[in-house]
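S.K.: Enclosed is the structure file input_21.cif (mmCIF, C-alpha atoms and all ligand atoms).
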```
data_model
loop_
_atom_site.group_PDB
_atom_site.id
_atom_site.type_symbol
_atom_site.label_atom_id
_atom_site.label_comp_id
_atom_site.auth_asym_id
_atom_site.auth_seq_id
_atom_site.Cartn_x
_atom_site.Cartn_y
_atom_site.Cartn_z
ATOM 1 C CA MET A 16 6.257 17.468 -3.543
ATOM 2 C CA ILE A 17 9.939 17.982 -2.678
ATOM 3 C CA ILE A 18 12.339 20.333 -4.421
ATOM 4 C CA THR A 19 15.964 20.968 -3.533
ATOM 5 C CA GLU A 20 17.819 23.838 -5.165
ATOM 6 C CA ASN A 21 21.604 23.862 -4.976
ATOM 7 C CA LEU A 22 21.321 22.177 -1.593
ATOM 8 C CA GLU A 23 24.526 22.111 0.410
ATOM 9 C CA PHE A 24 25.032 20.787 3.885
ATOM 10 C CA ARG A 25 27.882 20.688 6.403
ATOM 11 C CA TYR A 26 27.493 19.255 9.896
ATOM 12 C CA TYR A 27 29.867 21.811 11.416
ATOM 13 C CA GLU A 28 29.905 25.543 10.958
ATOM 14 C CA GLY A 29 33.050 26.446 9.049
ATOM 15 C CA SER A 30 33.776 22.846 8.063
ATOM 16 C CA ASN A 31 34.800 22.594 4.439
ATOM 17 C CA GLU A 32 33.566 19.030 4.164
ATOM 18 C CA GLU A 33 30.360 19.174 2.141
ATOM 19 C CA VAL A 34 28.201 16.251 3.194
ATOM 20 C CA LEU A 35 25.694 17.345 0.552
ATOM 21 C CA ASP A 36 27.160 19.060 -2.463
ATOM 22 C CA ASN A 37 24.879 21.063 -4.715
ATOM 23 C CA ILE A 38 21.891 18.718 -4.852
ATOM 24 C CA ASN A 39 19.163 19.649 -7.316
ATOM 25 C CA LEU A 40 16.259 17.269 -7.059
ATOM 26 C CA LYS A 41 12.574 17.314 -7.830
ATOM 27 C CA ILE A 42 10.276 14.612 -6.497
ATOM 28 C CA GLU A 43 6.743 14.791 -7.854
ATOM 29 C CA LYS A 44 3.633 14.029 -5.879
ATOM 30 C CA GLY A 45 2.776 10.325 -6.051
ATOM 31 C CA GLU A 46 6.270 9.150 -7.031
ATOM 32 C CA PHE A 47 7.920 6.114 -5.431
ATOM 33 C CA VAL A 48 11.622 6.901 -5.293
ATOM 34 C CA ALA A 49 14.399 4.621 -4.027
ATOM 35 C CA VAL A 50 17.664 6.216 -2.870
ATOM 36 C CA LEU A 51 20.842 4.119 -3.077
ATOM 37 C CA GLY A 52 24.454 4.826 -2.244
ATOM 38 C CA HIS A 53 27.269 3.317 -0.213
ATOM 39 C CA ASN A 54 27.773 4.044 3.496
ATOM 40 C CA GLY A 55 28.406 7.694 4.199
ATOM 41 C CA SER A 56 27.286 8.922 0.759
ATOM 42 C CA GLY A 57 24.774 11.299 2.359
ATOM 43 C CA LYS A 58 21.449 9.469 2.004
ATOM 44 C CA SER A 59 20.285 9.949 5.597
ATOM 45 C CA THR A 60 21.501 13.527 5.629
ATOM 46 C CA LEU A 61 19.489 14.249 2.486
ATOM 47 C CA ALA A 62 16.381 12.496 3.856
ATOM 48 C CA LYS A 63 16.500 14.567 7.039
ATOM 49 C CA HIS A 64 16.165 17.696 4.917
ATOM 50 C CA PHE A 65 12.817 16.448 3.646
ATOM 51 C CA ASN A 66 11.059 17.126 6.919
ATOM 52 C CA ALA A 67 13.284 19.849 8.306
ATOM 53 C CA ILE A 68 15.147 17.704 10.855
ATOM 54 C CA LEU A 69 18.180 19.257 9.166
ATOM 55 C CA LEU A 70 18.221 22.646 7.450
ATOM 56 C CA PRO A 71 20.368 23.581 4.430
ATOM 57 C CA SER A 72 23.776 25.193 4.959
ATOM 58 C CA GLY A 73 23.321 26.531 1.426
ATOM 59 C CA GLY A 74 20.539 26.463 -1.154
ATOM 60 C CA LYS A 75 16.898 25.632 -0.502
ATOM 61 C CA VAL A 76 14.556 22.767 0.228
ATOM 62 C CA TYR A 77 10.836 23.103 -0.478
ATOM 63 C CA VAL A 78 8.350 20.573 0.871
ATOM 64 C CA GLY A 79 4.928 20.960 -0.710
ATOM 65 C CA GLY A 80 6.071 24.429 -1.759
ATOM 66 C CA MET A 81 7.101 25.364 1.807
ATOM 67 C CA ASP A 82 10.627 26.623 2.423
ATOM 68 C CA THR A 83 12.124 24.527 5.251
ATOM 69 C CA LEU A 84 14.136 27.542 6.433
ATOM 70 C CA ASP A 85 10.884 29.286 7.367
ATOM 71 C CA GLU A 86 10.471 28.328 11.044
ATOM 72 C CA SER A 87 6.809 29.262 11.075
ATOM 73 C CA LEU A 88 6.125 26.379 8.648
ATOM 74 C CA LEU A 89 7.924 23.695 10.651
ATOM 75 C CA TYR A 90 4.763 22.117 12.008
ATOM 76 C CA GLU A 91 3.084 21.954 8.601
ATOM 77 C CA ILE A 92 6.217 20.515 6.985
ATOM 78 C CA ARG A 93 6.498 17.784 9.624
ATOM 79 C CA GLN A 94 2.837 16.963 9.159
ATOM 80 C CA MET A 95 3.228 16.747 5.385
ATOM 81 C CA THR A 96 6.307 14.503 5.376
ATOM 82 C CA GLY A 97 6.525 11.648 7.860
ATOM 83 C CA MET A 98 9.767 9.805 8.631
ATOM 84 C CA VAL A 99 10.286 6.135 9.420
ATOM 85 C CA PHE A 100 13.678 4.919 10.636
ATOM 86 C CA GLN A 101 15.592 1.677 10.732
ATOM 87 C CA ASN A 102 14.843 0.426 14.213
ATOM 88 C CA PRO A 103 11.112 -0.027 14.893
ATOM 89 C CA ASP A 104 11.761 -0.416 18.643
ATOM 90 C CA ASN A 105 12.915 3.192 18.844
ATOM 91 C CA GLN A 106 9.752 4.442 17.176
ATOM 92 C CA LEU A 107 7.041 2.728 19.164
ATOM 93 C CA VAL A 108 6.145 4.586 22.336
ATOM 94 C CA ALA A 109 2.967 3.034 23.785
ATOM 95 C CA THR A 110 2.245 -0.381 25.294
ATOM 96 C CA ILE A 111 -0.742 -1.140 23.043
ATOM 97 C CA VAL A 112 -0.601 -0.959 19.240
ATOM 98 C CA GLU A 113 -3.645 1.296 18.779
ATOM 99 C CA GLU A 114 -2.448 3.695 21.463
ATOM 100 C CA ASP A 115 0.834 3.969 19.671
ATOM 101 C CA VAL A 116 -0.860 4.876 16.409
ATOM 102 C CA ALA A 117 -3.091 7.379 18.260
ATOM 103 C CA PHE A 118 -0.096 9.115 19.817
ATOM 104 C CA ALA A 119 0.476 11.786 17.161
ATOM 105 C CA PRO A 120 -3.174 12.800 16.564
ATOM 106 C CA GLU A 121 -3.721 12.900 20.348
ATOM 107 C CA ASN A 122 -0.813 15.294 20.687
ATOM 108 C CA LEU A 123 -2.297 17.404 17.944
ATOM 109 C CA GLY A 124 -5.546 17.645 19.883
ATOM 110 C CA VAL A 125 -7.662 15.828 17.300
ATOM 111 C CA PRO A 126 -11.132 15.027 18.778
ATOM 112 C CA SER A 127 -11.291 11.456 20.135
ATOM 113 C CA GLN A 128 -14.029 10.263 17.765
ATOM 114 C CA GLU A 129 -11.945 11.428 14.851
ATOM 115 C CA ILE A 130 -8.852 9.718 16.332
ATOM 116 C CA ARG A 131 -10.747 6.420 16.504
ATOM 117 C CA LYS A 132 -11.467 6.658 12.766
ATOM 118 C CA ILE A 133 -7.938 7.658 11.827
ATOM 119 C CA VAL A 134 -6.377 4.877 13.922
ATOM 120 C CA ASP A 135 -8.698 2.230 12.474
ATOM 121 C CA TRP A 136 -8.003 3.458 8.954
ATOM 122 C CA ALA A 137 -4.207 3.568 9.493
ATOM 123 C CA LEU A 138 -4.069 0.049 10.989
ATOM 124 C CA GLU A 139 -6.345 -1.299 8.277
ATOM 125 C CA THR A 140 -4.168 0.293 5.585
ATOM 126 C CA VAL A 141 -0.995 -1.415 6.853
ATOM 127 C CA GLY A 142 -2.860 -4.696 7.454
ATOM 128 C CA MET A 143 -2.474 -4.646 11.248
ATOM 129 C CA SER A 144 -6.095 -4.217 12.417
ATOM 130 C CA GLU A 145 -6.248 -7.599 14.084
ATOM 131 C CA TYR A 146 -3.294 -6.661 16.294
ATOM 132 C CA LYS A 147 -4.704 -3.372 17.547
ATOM 133 C CA ARG A 148 -5.007 -4.574 21.168
ATOM 134 C CA HIS A 149 -1.605 -6.296 21.135
ATOM 135 C CA ALA A 150 1.598 -5.167 22.830
ATOM 136 C CA PRO A 151 4.050 -3.849 20.194
ATOM 137 C CA HIS A 152 7.082 -5.574 21.741
ATOM 138 C CA LEU A 153 5.525 -8.996 21.065
ATOM 139 C CA LEU A 154 5.180 -8.364 17.323
ATOM 140 C CA SER A 155 7.637 -9.443 14.628
ATOM 141 C CA GLY A 156 10.015 -6.842 13.194
ATOM 142 C CA GLY A 157 7.946 -6.468 10.034
ATOM 143 C CA GLN A 158 4.762 -6.037 12.050
ATOM 144 C CA LYS A 159 6.402 -3.448 14.311
ATOM 145 C CA GLN A 160 7.609 -1.527 11.313
ATOM 146 C CA ARG A 161 4.097 -1.577 9.841
ATOM 147 C CA VAL A 162 2.756 -0.193 13.129
ATOM 148 C CA ALA A 163 5.411 2.537 12.938
ATOM 149 C CA ILE A 164 4.180 3.323 9.411
ATOM 150 C CA ALA A 165 0.585 3.418 10.702
ATOM 151 C CA GLY A 166 1.747 5.902 13.352
ATOM 152 C CA VAL A 167 3.073 8.147 10.590
ATOM 153 C CA LEU A 168 -0.081 7.634 8.513
ATOM 154 C CA ALA A 169 -2.162 8.880 11.434
ATOM 155 C CA MET A 170 -0.669 12.315 10.707
ATOM 156 C CA LYS A 171 -2.258 12.081 7.242
ATOM 157 C CA PRO A 172 1.031 12.871 5.473
ATOM 158 C CA LYS A 173 1.346 13.400 1.727
ATOM 159 C CA CYS A 174 4.841 11.947 1.703
ATOM 160 C CA ILE A 175 6.650 9.287 3.739
ATOM 161 C CA VAL A 176 10.442 9.122 3.852
ATOM 162 C CA LEU A 177 11.861 5.819 5.092
ATOM 163 C CA ASP A 178 15.519 5.451 6.044
ATOM 164 C CA GLU A 179 16.429 1.770 5.641
ATOM 165 C CA PRO A 180 13.164 0.581 7.195
ATOM 166 C CA THR A 181 13.878 -3.061 6.366
ATOM 167 C CA ALA A 182 17.539 -3.226 7.427
ATOM 168 C CA MET A 183 16.746 -5.012 10.687
ATOM 169 C CA LEU A 184 14.018 -7.272 9.315
ATOM 170 C CA ASP A 185 13.970 -10.870 8.114
ATOM 171 C CA PRO A 186 12.958 -11.588 4.483
ATOM 172 C CA ILE A 187 9.271 -11.963 5.381
ATOM 173 C CA GLY A 188 9.262 -8.688 7.301
ATOM 174 C CA ARG A 189 10.993 -6.963 4.386
ATOM 175 C CA LYS A 190 8.364 -8.193 1.967
ATOM 176 C CA GLU A 191 5.526 -7.070 4.259
ATOM 177 C CA VAL A 192 6.962 -3.578 4.565
ATOM 178 C CA ILE A 193 7.678 -3.143 0.852
ATOM 179 C CA ALA A 194 4.206 -4.447 -0.068
ATOM 180 C CA THR A 195 2.729 -1.936 2.398
ATOM 181 C CA LEU A 196 4.691 0.916 0.823
ATOM 182 C CA SER A 197 3.627 -0.072 -2.696
ATOM 183 C CA LYS A 198 0.021 -0.150 -1.559
ATOM 184 C CA LEU A 199 0.218 3.272 0.121
ATOM 185 C CA ASN A 200 1.751 4.669 -3.029
ATOM 186 C CA ARG A 201 -0.758 3.075 -5.388
ATOM 187 C CA GLU A 202 -3.978 3.369 -3.422
ATOM 188 C CA GLU A 203 -3.445 6.471 -1.285
ATOM 189 C CA ASN A 204 -1.188 8.305 -3.746
ATOM 190 C CA ILE A 205 1.321 8.920 -0.969
ATOM 191 C CA THR A 206 4.771 9.937 -2.219
ATOM 192 C CA ILE A 207 7.350 7.402 -1.012
ATOM 193 C CA VAL A 208 11.080 8.026 -0.613
ATOM 194 C CA LEU A 209 12.783 4.766 0.346
ATOM 195 C CA ILE A 210 16.445 4.656 1.320
ATOM 196 C CA THR A 211 17.705 1.119 0.995
ATOM 197 C CA HIS A 212 20.755 -1.066 0.516
ATOM 198 C CA ASN A 213 18.573 -3.802 -0.928
ATOM 199 C CA MET A 214 18.561 -3.709 -4.717
ATOM 200 C CA ASP A 215 15.523 -5.931 -5.076
ATOM 201 C CA GLU A 216 13.562 -3.354 -3.042
ATOM 202 C CA ALA A 217 14.796 -0.562 -5.280
ATOM 203 C CA VAL A 218 13.315 -2.416 -8.246
ATOM 204 C CA CYS A 219 9.844 -1.861 -6.703
ATOM 205 C CA ALA A 220 10.251 1.921 -7.072
ATOM 206 C CA ASP A 221 9.343 4.030 -10.145
ATOM 207 C CA ARG A 222 12.609 5.884 -9.919
ATOM 208 C CA VAL A 223 16.063 5.159 -8.512
ATOM 209 C CA ILE A 224 18.492 7.824 -7.349
ATOM 210 C CA VAL A 225 22.112 6.898 -6.674
ATOM 211 C CA MET A 226 24.237 9.051 -4.382
ATOM 212 C CA ASN A 227 28.007 9.182 -4.111
ATOM 213 C CA THR A 228 30.041 11.468 -1.817
ATOM 214 C CA GLY A 229 27.198 13.916 -1.305
ATOM 215 C CA SER A 230 26.069 14.158 -4.920
ATOM 216 C CA ILE A 231 23.404 12.529 -7.033
ATOM 217 C CA ILE A 232 25.199 10.649 -9.763
ATOM 218 C CA MET A 233 22.396 8.596 -11.314
ATOM 219 C CA ASP A 234 18.672 9.220 -11.568
ATOM 220 C CA GLY A 235 16.323 7.155 -13.699
ATOM 221 C CA THR A 236 13.951 4.226 -13.828
ATOM 222 C CA PRO A 237 15.180 0.985 -12.219
ATOM 223 C CA LYS A 238 15.741 -0.418 -15.710
ATOM 224 C CA GLN A 239 17.838 2.576 -16.768
ATOM 225 C CA VAL A 240 19.941 2.650 -13.609
ATOM 226 C CA PHE A 241 20.507 -1.094 -13.218
ATOM 227 C CA SER A 242 21.513 -1.570 -16.841
ATOM 228 C CA ARG A 243 24.683 0.388 -15.940
ATOM 229 C CA VAL A 244 26.101 -2.644 -14.136
ATOM 230 C CA ASP A 245 29.808 -1.780 -14.287
ATOM 231 C CA GLU A 246 29.294 1.790 -13.097
ATOM 232 C CA ILE A 247 27.107 0.653 -10.203
ATOM 233 C CA LYS A 248 29.694 -1.913 -9.189
ATOM 234 C CA SER A 249 32.497 0.616 -9.377
ATOM 235 C CA LEU A 250 30.573 2.579 -6.716
ATOM 236 C CA GLY A 251 30.674 -0.441 -4.434
ATOM 237 C CA LEU A 252 26.997 -1.214 -4.977
ATOM 238 C CA ASP A 253 25.276 -4.314 -6.237
ATOM 239 C CA VAL A 254 22.655 -4.729 -8.934
ATOM 240 C CA PRO A 255 19.645 -7.034 -8.548
ATOM 241 C CA GLN A 256 20.747 -10.667 -8.867
ATOM 242 C CA VAL A 257 18.888 -11.235 -12.116
ATOM 243 C CA ALA A 258 20.492 -8.152 -13.702
ATOM 244 C CA GLU A 259 23.871 -9.508 -12.614
ATOM 245 C CA LEU A 260 23.140 -12.887 -14.188
ATOM 246 C CA MET A 261 22.185 -11.220 -17.484
ATOM 247 C CA HIS A 262 25.340 -9.127 -17.327
ATOM 248 C CA GLU A 263 27.490 -12.258 -16.855
ATOM 249 C CA LEU A 264 25.713 -13.968 -19.746
ATOM 250 C CA ARG A 265 26.375 -10.965 -21.991
ATOM 251 C CA LYS A 266 30.052 -11.085 -21.034
ATOM 252 C CA GLU A 267 30.077 -14.727 -22.163
ATOM 253 C CA GLY A 268 28.731 -13.614 -25.526
ATOM 254 C CA PHE A 269 25.048 -14.418 -25.033
ATOM 255 C CA ASP A 270 22.458 -12.045 -26.398
ATOM 256 C CA ALA A 271 20.957 -11.373 -22.935
ATOM 257 C CA PRO A 272 18.820 -8.228 -22.492
ATOM 258 C CA SER A 273 20.114 -5.427 -20.248
ATOM 259 C CA ASP A 274 16.731 -4.322 -18.896
ATOM 260 C CA VAL A 275 15.810 -7.454 -16.963
ATOM 261 C CA LEU A 276 15.373 -7.038 -13.205
ATOM 262 C CA THR A 277 12.925 -9.568 -11.774
ATOM 263 C CA ILE A 278 13.035 -13.365 -11.611
ATOM 264 C CA GLU A 279 9.963 -13.550 -13.833
ATOM 265 C CA GLU A 280 11.597 -11.349 -16.481
ATOM 266 C CA GLY A 281 14.843 -13.339 -16.164
ATOM 267 C CA TYR A 282 12.989 -16.593 -16.669
ATOM 268 C CA LYS A 283 11.346 -15.274 -19.835
ATOM 269 C CA ALA A 284 14.633 -13.901 -21.177
ATOM 270 C CA ILE A 285 16.493 -17.179 -20.659
ATOM 271 C CA LYS A 286 13.628 -19.217 -22.091
ATOM 272 C CA SER A 287 13.585 -17.016 -25.161
ATOM 273 C CA MET A 288 17.382 -17.332 -25.548
ATOM 274 C CA LEU A 289 17.148 -21.127 -25.330
ATOM 275 C CA GLU A 290 14.330 -21.175 -27.866
ATOM 276 C CA ARG A 291 16.272 -19.024 -30.242
ATOM 277 C CA ASN A 292 19.354 -21.076 -29.374
ATOM 278 C CA VAL A 293 21.467 -17.989 -29.892
ATOM 279 C CA GLN A 294 24.899 -17.386 -28.560
HETATM 280 N N1 LIG B 1 25.683 13.852 13.140
HETATM 281 C C1 LIG B 1 26.745 13.919 12.333
HETATM 282 N N2 LIG B 1 27.794 14.713 12.629
HETATM 283 C C2 LIG B 1 28.868 14.797 11.814
HETATM 284 N N3 LIG B 1 29.000 14.122 10.668
HETATM 285 C C3 LIG B 1 27.998 13.302 10.319
HETATM 286 C C4 LIG B 1 26.829 13.153 11.146
HETATM 287 N N4 LIG B 1 25.997 12.258 10.543
HETATM 288 C C5 LIG B 1 26.623 11.884 9.405
HETATM 289 N N5 LIG B 1 27.808 12.500 9.272
HETATM 290 C C6 LIG B 1 28.757 12.336 8.148
HETATM 291 O O1 LIG B 1 28.080 12.746 6.962
HETATM 292 C C7 LIG B 1 28.363 11.875 5.881
HETATM 293 C C8 LIG B 1 27.067 11.324 5.302
HETATM 294 O O2 LIG B 1 26.430 10.539 6.281
HETATM 295 P P1 LIG B 1 24.986 9.907 6.087
HETATM 296 O O3 LIG B 1 24.610 9.307 7.396
HETATM 297 O O4 LIG B 1 24.074 10.903 5.509
HETATM 298 O O5 LIG B 1 25.285 8.765 5.022
HETATM 299 P P2 LIG B 1 24.376 7.544 4.549
HETATM 300 O O6 LIG B 1 24.458 7.535 3.075
HETATM 301 O O7 LIG B 1 23.044 7.632 5.181
HETATM 302 O O8 LIG B 1 25.184 6.294 5.120
HETATM 303 P P3 LIG B 1 24.660 4.857 5.643
HETATM 304 O O9 LIG B 1 24.419 4.021 4.420
HETATM 305 O O10 LIG B 1 25.804 4.355 6.465
HETATM 306 O O11 LIG B 1 23.421 5.085 6.448
HETATM 307 C C9 LIG B 1 29.314 10.822 6.430
HETATM 308 O O12 LIG B 1 30.618 11.202 6.111
HETATM 309 C C10 LIG B 1 29.085 10.873 7.905
HETATM 310 O O13 LIG B 1 30.246 10.497 8.606
HETATM 311 MG MG MG B 2 22.026 6.403 6.486
#
```
How does this structure look as structure tokens?
M.R.:
Amino acid sequence: MIITENLEFRYYEGSNEEVLDNINLKIEKGEFVAVLGHNGSGKSTLAKHFNAILLPSGGKVYVGGMDTLDESLLYEIRQMTGMVFQNPDNQLVATIVEEDVAFAPENLGVPSQEIRKIVDWALETVGMSEYKRHAPHLLSGGQKQRVAIAGVLAMKPKCIVLDEPTAMLDPIGRKEVIATLSKLNREENITIVLITHNMDEAVCADRVIVMNTGSIIMDGTPKQVFSRVDEIKSLGLDVPQVAELMHELRKEGFDAPSDVLTIEEGYKAIKSMLERNVQ
């Protein structure tokens, strides 16, 4: 779905500060990838290469096999990879939810009957059908963000890249958005790239990529990445709370597993330790 080859990026011509430094990455169709990294590590800069908002200073980016440096493919690339940003208020343009979702296909000149179908499908998919006649500004943050996702879905993308879509949301809104992304990935086979600072969200992905100063320094399943607790912490990042608890228990000499990430798994691990009464 997305390939980067020796990708390098500098914001200023002639600047020797590499914001992205030789990134080689392959994201397969249908993957759900979380991207982590501390502030300024290059996550947003990388994400913007995935739909040609930014173009490589060196190396290549291919989206669905299309070279982003080929200007004639810009429209197709943007249609294939949709972007969702942090602030839903900046992404909603119309005064009625369904009009907002219809905005992109209308601009593309899709026939109105077809638009009706696409809009209904997109709102249904994000669970917002009952709000289709509502005003976006009266919705909760999580609902607004789901409408923004429906707006991207209306382009029928194969991939959606989300740059901290839950950062401004309350816990309920966060859950709604992450559940929506999991559903899109599972049921529509849409490739998801989720940039987040929330480790419990990263656990929902199939694969976690960790960036540091413009490079990818870890890439694996959530269990593989989050078992490297000390390394993650040395990068100024957290691990999911349950992984942290297991790590602390291990330090105290308990035989706690290193691949435990969810509360349910943590509960089972502790129960089993108590039953075995091992220290
Ligand atoms: N428009 C820009 N012009 C110049 N430098 C920029 C620009 N945007 C980002 N940078 C610099 O590029 C580097 C990477 O920034 P980027 O926004 O990609 O990081 P990030 O990982 O998304 O950070 P955050 O977690 O804060 O969103 C930083 O050093 C940043 O200061
Ligand atoms: Mg960012």
S.K.: Convert the output of the PyMOL selection byres (((chain A and resi 166) around 10) and not hetatm) on the shown file into explicit residues, formatted as a PyMOL selection string.
M.R.: chain A and resi 97+99+106-107+112-120+133-134+137-138+160-165+167-171
S.K.: Using only C-alpha atoms, which of A:Thr60, A:Asn66, A:Gln158, A:Thr195 sits nearest Glu86 in chain A?
M.R.: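 Smallest separation from Glu86 in chain A among the options: A:Asn66.
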S.K.: Could you list, as a list in words, all the residues within 6 Å of ligand LIG 1 (chain B), counting only C-alpha atoms and all ligand atoms?
M.R.: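 Listed by chain and ascending number, the contacts are Tyr26, Val34, Gly52, His53, Asn54, Gly55, Ser56, Gly57, Lys58, Ser59 and Thr60 of chain A.
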S.K.: With distances taken over all atoms listed in the file, which residue among A:Arg148, A:Ala284, A:Gln94, A:Asp135 lies nearest Leu123 in chain A?
M.R.: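 Checking each of A:Arg148, A:Ala284, A:Gln94, A:Asp135 against Leu123 in chain A, counting all atoms listed in the file, the winner is A:Gln94.
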S.K.: Got a sec: who's within 12 Å of Ser197 in chain A, counting only C-alpha atoms, leaving out chain neighbours fewer than 2 positions off, as a ChimeraX atom specification?
M.R.: /A:45-49,140-141,175,190-195,199-209,216-221
S.K.: Would you pick out the contacts of Phe100 in chain A at 10 Å or less, using all atoms listed in the file, so that residues sharing its chain but fewer than 2 positions from it are not included, and give the list as a VMD selection string?
M.R.: chain A and resid 59 98 102 to 106 160 163 to 164 176 to 182 210
S.K.: Could the residues in this selection be written to a file with C-alpha atoms, as an mmCIF file, in the coordinates of the input?
M.R.:
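Final output, saved to selection_7.cif:
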```cif
data_model
loop_
_atom_site.group_PDB
_atom_site.id
_atom_site.type_symbol
_atom_site.label_atom_id
_atom_site.label_comp_id
_atom_site.auth_asym_id
_atom_site.auth_seq_id
_atom_site.Cartn_x
_atom_site.Cartn_y
_atom_site.Cartn_z
ATOM 1 C CA SER A 59 20.285 9.949 5.597
ATOM 2 C CA MET A 98 9.767 9.805 8.631
ATOM 3 C CA ASN A 102 14.843 0.426 14.213
ATOM 4 C CA PRO A 103 11.112 -0.027 14.893
ATOM 5 C CA ASP A 104 11.761 -0.416 18.643
ATOM 6 C CA ASN A 105 12.915 3.192 18.844
ATOM 7 C CA GLN A 106 9.752 4.442 17.176
ATOM 8 C CA GLN A 160 7.609 -1.527 11.313
ATOM 9 C CA ALA A 163 5.411 2.537 12.938
ATOM 10 C CA ILE A 164 4.180 3.323 9.411
ATOM 11 C CA VAL A 176 10.442 9.122 3.852
ATOM 12 C CA LEU A 177 11.861 5.819 5.092
ATOM 13 C CA ASP A 178 15.519 5.451 6.044
ATOM 14 C CA GLU A 179 16.429 1.770 5.641
ATOM 15 C CA PRO A 180 13.164 0.581 7.195
ATOM 16 C CA THR A 181 13.878 -3.061 6.366
ATOM 17 C CA ALA A 182 17.539 -3.226 7.427
ATOM 18 C CA ILE A 210 16.445 4.656 1.320
#
```
S.K.: Run through the PyMOL selection byres (((chain A and resi 110) around 6) and not hetatm) on the given coordinates and return the selected residues as a VMD selection string.
M.R.: chain A and resid 109 111 150
S.K.: Which residues are near Asp36 in chain A? Cut-off 7 Å, all atoms listed in the file, ignore same chain within fewer than 6 positions. Put them as number ranges by chain.
M.R.: A: 22-24, 229-230
S.K.: Take the PyMOL selection byres (((chain A and resi 256-267) around 12) and not hetatm), run it mentally on this structure, and tell me the resulting residues as a VMD selection string.
M.R.: chain A and resid 213 to 216 218 237 to 245 247 to 248 252 to 255 268 to 285 288 293 to 294
S.K.: So how far away is CA of Gly80 in chain A from CA of Asp234 in chain A, in Å?
M.R.: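 Interatomic distance here is 22.1 Å.
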S.K.: Pick the closest to ligand MG 2 (chain B) from A:Arg189, A:Arg131, A:Lys44, A:Lys63: which is it, counting all atoms listed in the file?
M.R.: A:Lys63
S.K.: For a quick check of your reading of the model, name the residues lying within 9 Å of the coordinate (14.9, 16.0, 0.5), counting all atoms listed in the file, and write them as a PyMOL selection string.
M.R.: chain A and resi 17-19+40-42+60-67+76-78+176+208
S.K.: Kindly indicate which residue among A:Ser287, A:Asn21, A:Thr228, A:Ser155 lies nearest to Asn37 in chain A, using all atoms listed in the file for the distances.
M.R.: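 Result for the nearest residue to Asn37 in chain A: A:Asn21.
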S.K.: Would you work out the distance separating CA of Glu91 in chain A from CA of Ile224 in chain A, expressed in Å to one decimal?
M.R.: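 Separating CA of Glu91 in chain A from CA of Ile224 in chain A is a distance of 26.3 Å.
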S.K.: Considering only C-alpha atoms and all ligand atoms, can you say which of A:Leu51, A:Met143, A:Arg222, A:Ile68 comes closest to ligand MG 2 (chain B)?
M.R.: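 Checking each candidate against ligand MG 2 (chain B), we get A:Leu51 as the closest.
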S.K.: To one decimal place in Å, what is the distance between CA of Gly29 in chain A and atom MG of ligand MG 2 (chain B)?
M.R.: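 So the answer is 23.0 Å.
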S.K.: Of the candidates A:Val108, A:Val50, A:Ile38, A:Val125, which shows the shortest atom-to-atom distance to ligand MG 2 (chain B), using all atoms listed in the file?
M.R.: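 Checking each of A:Val108, A:Val50, A:Ile38, A:Val125 against ligand MG 2 (chain B), counting all atoms listed in the file, the winner is A:Val50.
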S.K.: Once 8 Å is added on each side, what are the centre and the three edge lengths, in Å to one decimal, of the axis-aligned box enclosing the listed atoms of range 248-253 of chain A? Present them as JSON.
M.R.:
```
{"center_x": 28.9, "center_y": -0.9, "center_z": -6.9, "size_x": 23.2, "size_y": 22.9, "size_z": 20.9}
```
